[in-house]
Amino acid sequence: MSDRFLDDLNPPQREAVLHTEGPLLVLAGAGSGKTRVIARRIAHIVANKLAKPSQILAVTFTNKAAEEMRTRVGELVGAVVAKEIMLTTFHSFCVRVLRSHIHHIGYRKDFSISSEGDTRTLVRRILGDLEGARETFSPQLLQAAISLHKNGCEPPPPATKDNKAAEETEAKYKTWLPEFLESYQSALRAANSLDFDDLLVLTLELWRKEPEVLARFQQHYHYVLVDEYQDTNRVQYDLLRALIETRRNLCVVGDDDQSIYGWRGADSSHILAFDRDYPDAHIITLDQNYRSTETILAAANAVIANNAERRAKNLWSTLGKGRPLEWIVTGDEEHEAKAIMQWLTHIREKANAAYNDFAILYRSNLQSRPIEIALRQAGIPYIVVGGQEFYERTEVKDILAYLKIMANTRNETAFLRVVNMPRRGVGDAALHRIHELCMNESLSVWDASLQAMRRGLVAGNAATGLERFRLLVETFRKRFRQPGTSLRAIVAELLDTIAYRAEIGRTCKTPQQFEQRWSNVDAVLRAVETYEKATNAPSLIGFLDENALDNDDDRQSREKRRENAVTLMTIHSAKGLEFPFVFIAGCEEGLIPHERSIRENGLEEERRLFYVALTRARRHATLFEAMSRSRFGRACMTKTSRFLAEIPEHLIHKRVLAARDMVEATVAPPKPKSKPRKKRRPRTP
DNA sequence: AGACCCAGGTTTTTT
DNA sequence: ACCTGGGTCT
């Protein structure tokens, strides 16, 4: 029974591994070996045959975390066994449940997952149909409202500029919103599509309506683990409660100080009140930090101590004092970027560090651009994590729309995107008539398009084009269902059939542009290929699911990080990671704390975010501030983030780089004579 | 139908 | 500053 999985664990960590039966809360401070504990715990269950690997469910929030966990578990029990463990994100887990049981609640098993972009398109379209509200309410506000509504939160009232109109608008919004939400949901349903929130909400609905389906899952999973429990929202919380009701072997791991997803409905009261939900819960606190220097922890502790809503704890470490934090004041964002680049170069040389020892963190994705430019100019290899532009590209959207409609003909967004691409003569007039038929007779676009032709509502060019389109979709739909042929080959054939290369050529002016766009197409083909190689029984739907929930861009950047490159990412996506050297850019009021977030989620969440950023650092943290930053194209003076004042002075060293000669200012005092060379190949996305 | 131009909004964070 | 969408012109 003794096992090697207990070696080199401290007493509370060991306890967390061994306490397998009944509800358990592990309060795991930043860097306290949380992932290690979860991995060991799973390995312990497997090795002692407390359950089969497949009877363990370990849920994380991000794919990154899931992959990390799979690797760590794999190192302990072997990759083959690790594969059997249900180690996944909430959303992927729910997709699996729904793909086999959703017919109980009136959807078809070939449902599409509506991406953020698809959802936006749909919202716009509905907004166009509903008279009156288009000018008042923005699609983006409504998208947020939909999500909050589905997660059982009260959607915020629309932000209005003048107070006088506010009340009026708000009243109008209140009466109008339910109507909108209903239209939205019925449109999705008609398209046999689920948005991200539906994946969770409908799983819960399924379980509530079909207790015997739920019972099967309850029977199946003997042990359930949840990472980052502080990030669970109401629906996830309910799903967990339902799932573990009979066996009650629920282990949740989290840190209330790292709850940074309140804006999408995460509710840290779940972790704060775990022992209320489960009175027999065992609680273990891990507060020894194995990651950071004492100085970094002292700074982070001092900052987070200003929060009132928390389970008080104090991280400690024995890794020595290390160096004080650095606070570098720069002129504007370009100067900041340059200072980051120089400081990075300086540290790298002094500490003989590798590029992937560095992370540059920021509050918002838009901060990455100037930094990218500076790094590229200096020939420093870097990767940017996140920012979803890949999936916003026309070519990618086009191809995926084709694939989506072949997987699920009812997918209206996909239909509308490609029915006339390339041109088939199906114009607005024909589509308008089809749309009316959809509305009047509750048909999907696909069925309506057939009816419209049969009844002669569309004729001539449009009818021929529509017919060709339908035939194309049906032909390839069959091809995709035939087992045996490679997905990639079918997709390539599809592109051939629609002469997509020519279509791109037609709309491109320069050869460079053509190359660029065709390379996007190629990237999709490669993504199909990668998926196919990595999957046992590849299918079109499987590919689309993976792409909706864990896109290829994410996967690639995870791989690239292992190469030697500096990582640029938001603080949110840095959670769970660690780097010897961390730079935090844009430490200014309005950015962190973000002005909008202060309003909507409160200051404390922003402070937690800052805390997360600081605690990513192992050896050293540098905070950058620009005195002026352009907003909407206009340069604005900034104020230092209030969080910097919360760091005790003796822990931080401030440097102000002069305002004018800053372009040539050297951050590192004795500059090595060698100017950065442009020889190294920069990473271009 | 398609190309072009202007106005207006935009910038939080993720599955 | 940049992108999108709508409107207009060809």
# chains A, B, ... in the order shown; residues from 1 in each chain; ligands from 1
$ interface_residues --of "chain B" --to "chain A" --cutoff "8 Å" --atoms "only C-alpha atoms (C1' of nucleotides)" --output "PDB file with C-alpha atoms (C1' of nucleotides), in the first residue's frame"
ATOM      1  C1'  DT B  10     -13.992  50.013 -30.476  1.00  0.00           C
ATOM      2  C1'  DT B  11     -10.711  47.598 -26.248  1.00  0.00           C
ATOM      3  C1'  DT B  12     -11.139  42.878 -20.857  1.00  0.00           C
ATOM      4  C1'  DT B  13     -10.402  38.727 -19.556  1.00  0.00           C
ATOM      5  C1'  DT B  15     -14.719  27.871 -23.136  1.00  0.00           C
TER       6       DT B  15
END
$ interface_residues --of "chain C" --to "chain A" --cutoff "12 Å" --atoms "only C-alpha atoms (C1' of nucleotides)" --output "number ranges by chain"
C: 1-2, 5
$ select_by_dssp --residues "region 516-663 of chain A" --states "helix (DSSP H, G or I)" --output "PyMOL selection string"
chain A and resi 516-534+540-549+552-562+571-574+595-600+603-614+642-645+649-651+661-663
$ select_by_dssp --residues "region 419-573 of chain A" --states "strand (DSSP E)" --output "JSON, numbers by chain"
{"A": [566, 567, 568, 569, 570]}
$ write_last_selection --atoms "C-alpha atoms" --output "PDB file, in the first residue's frame"
ATOM      1  CA  VAL A 566       9.586  34.364 -24.969  1.00  0.00           C
ATOM      2  CA  THR A 567       5.913  33.973 -24.079  1.00  0.00           C
ATOM      3  CA  LEU A 568       3.516  36.884 -24.466  1.00  0.00           C
ATOM      4  CA  MET A 569       0.085  36.454 -22.976  1.00  0.00           C
ATOM      5  CA  THR A 570      -2.670  37.895 -20.876  1.00  0.00           C
TER       6      THR A 570
END
$ atom_distance --atom1 "CA of Tyr382 (chain A)" --atom2 "CA of Ala565 (chain A)"
4.5 Å
$ residues_around --residues "DC5 (chain B)" --least-positions-apart "3" --cutoff "12 Å" --atoms "only C-alpha atoms (C1' of nucleotides)" --output "number ranges by chain"
C: 5-9
$ residues_around --residues "Ala266 (chain A)" --least-positions-apart "6" --cutoff "8 Å" --atoms "only C-alpha atoms (C1' of nucleotides)" --output "list in words"
Gln230, Asp231, Thr232, Asn233, Arg234 and Ser259 of chain A
$ residues_around --residues "Leu623 (chain A)" --least-positions-apart "2" --cutoff "8 Å" --atoms "only C-alpha atoms (C1' of nucleotides)" --output "PyMOL selection string"
chain A and resi 325-328+583-587+621+625
$ residues_around --residues "Arg189 (chain A)" --least-positions-apart "4" --cutoff "10 Å" --atoms "only C-alpha atoms (C1' of nucleotides)" --output "list in words"
Gly106, Tyr107, Arg108, Phe111, Ser183, Tyr184, Gln185, Ser193, Leu194, Arg410, Asn411 and Ser444 of chain A
$ write_last_selection --atoms "N, CA and C atoms" --output "compact mmCIF listing (two decimals), in the first residue's frame"
# COMPACT_ATOMS: atom_id res chain seq x y z
N GLY A 106 -34.50 16.79 -27.23
CA GLY A 106 -35.01 17.43 -28.44
C GLY A 106 -33.99 18.05 -29.37
N TYR A 107 -32.73 17.68 -29.24
CA TYR A 107 -31.76 18.08 -30.26
C TYR A 107 -31.30 16.83 -30.97
N ARG A 108 -30.66 17.02 -32.10
CA ARG A 108 -30.11 15.86 -32.79
C ARG A 108 -28.66 15.68 -32.39
N PHE A 111 -25.55 17.84 -33.60
CA PHE A 111 -25.58 19.28 -33.34
C PHE A 111 -24.24 19.96 -33.61
N SER A 183 -35.91 34.59 -29.03
CA SER A 183 -35.63 34.48 -30.46
C SER A 183 -34.27 33.83 -30.68
N TYR A 184 -33.34 34.28 -29.89
CA TYR A 184 -31.99 33.75 -30.03
C TYR A 184 -31.98 32.24 -29.81
N GLN A 185 -32.60 31.83 -28.72
CA GLN A 185 -32.54 30.42 -28.39
C GLN A 185 -33.30 29.58 -29.41
N SER A 193 -28.00 23.84 -33.13
CA SER A 193 -26.71 24.33 -32.67
C SER A 193 -26.74 24.67 -31.19
N LEU A 194 -25.60 24.51 -30.56
CA LEU A 194 -25.45 24.83 -29.15
C LEU A 194 -24.32 25.84 -28.99
N ARG A 410 -28.64 21.65 -40.78
CA ARG A 410 -29.50 22.70 -40.24
C ARG A 410 -28.72 23.93 -39.80
N ASN A 411 -27.44 23.84 -39.78
CA ASN A 411 -26.64 24.97 -39.29
C ASN A 411 -26.83 26.17 -40.21
N SER A 444 -35.97 24.47 -40.93
CA SER A 444 -34.57 24.88 -40.94
C SER A 444 -34.28 25.47 -42.31
$ atom_distance --atom1 "CA of Gln451 (chain A)" --atom2 "CA of Val123 (chain A)"
25.6 Å
$ atom_distance --atom1 "CA of Tyr611 (chain A)" --atom2 "CA of Ala30 (chain A)"
9.3 Å
$ closest_residue --among "A:Asp256, A:Val656, A:Pro381, A:Cys636" --to "Asp332 (chain A)" --atoms "only C-alpha atoms"
A:Cys636
$ residues_around --residues "region 469-473 of chain A" --least-positions-apart "4" --cutoff "7 Å" --atoms "only C-alpha atoms (C1' of nucleotides)" --output "PyMOL selection string"
chain A and resi 406+419+465+477
$ write_last_selection --atoms "all heavy atoms" --output "mmCIF file, in the first residue's frame"
data_model
loop_
_atom_site.group_PDB
_atom_site.id
_atom_site.type_symbol
_atom_site.label_atom_id
_atom_site.label_comp_id
_atom_site.auth_asym_id
_atom_site.auth_seq_id
_atom_site.Cartn_x
_atom_site.Cartn_y
_atom_site.Cartn_z
ATOM 1 N N MET A 406 -21.894 20.382 -43.576
ATOM 2 C CA MET A 406 -21.892 18.979 -43.971
ATOM 3 C C MET A 406 -22.097 18.065 -42.776
ATOM 4 O O MET A 406 -22.640 16.974 -42.896
ATOM 5 C CB MET A 406 -20.609 18.654 -44.704
ATOM 6 C CG MET A 406 -20.723 19.168 -46.137
ATOM 7 S SD MET A 406 -19.189 19.424 -46.920
ATOM 8 C CE MET A 406 -19.752 20.253 -48.403
ATOM 9 N N VAL A 419 -23.570 29.495 -48.907
ATOM 10 C CA VAL A 419 -24.510 29.141 -49.969
ATOM 11 C C VAL A 419 -24.175 29.872 -51.266
ATOM 12 O O VAL A 419 -24.355 29.350 -52.360
ATOM 13 C CB VAL A 419 -25.970 29.409 -49.533
ATOM 14 C CG1 VAL A 419 -26.228 30.895 -49.333
ATOM 15 C CG2 VAL A 419 -26.950 28.851 -50.564
ATOM 16 N N GLY A 465 -28.413 27.550 -58.899
ATOM 17 C CA GLY A 465 -27.309 27.674 -57.950
ATOM 18 C C GLY A 465 -27.607 26.925 -56.666
ATOM 19 O O GLY A 465 -26.761 26.194 -56.143
ATOM 20 N N ARG A 477 -21.356 15.234 -47.813
ATOM 21 C CA ARG A 477 -21.878 14.704 -46.569
ATOM 22 C C ARG A 477 -21.724 13.182 -46.558
ATOM 23 O O ARG A 477 -21.297 12.593 -45.571
ATOM 24 C CB ARG A 477 -23.350 15.085 -46.493
ATOM 25 C CG ARG A 477 -23.943 15.071 -45.130
ATOM 26 C CD ARG A 477 -25.299 15.743 -45.219
ATOM 27 N NE ARG A 477 -26.245 15.130 -44.308
ATOM 28 C CZ ARG A 477 -26.223 15.336 -43.003
ATOM 29 N NH1 ARG A 477 -25.300 16.127 -42.485
ATOM 30 N NH2 ARG A 477 -27.112 14.761 -42.230
#
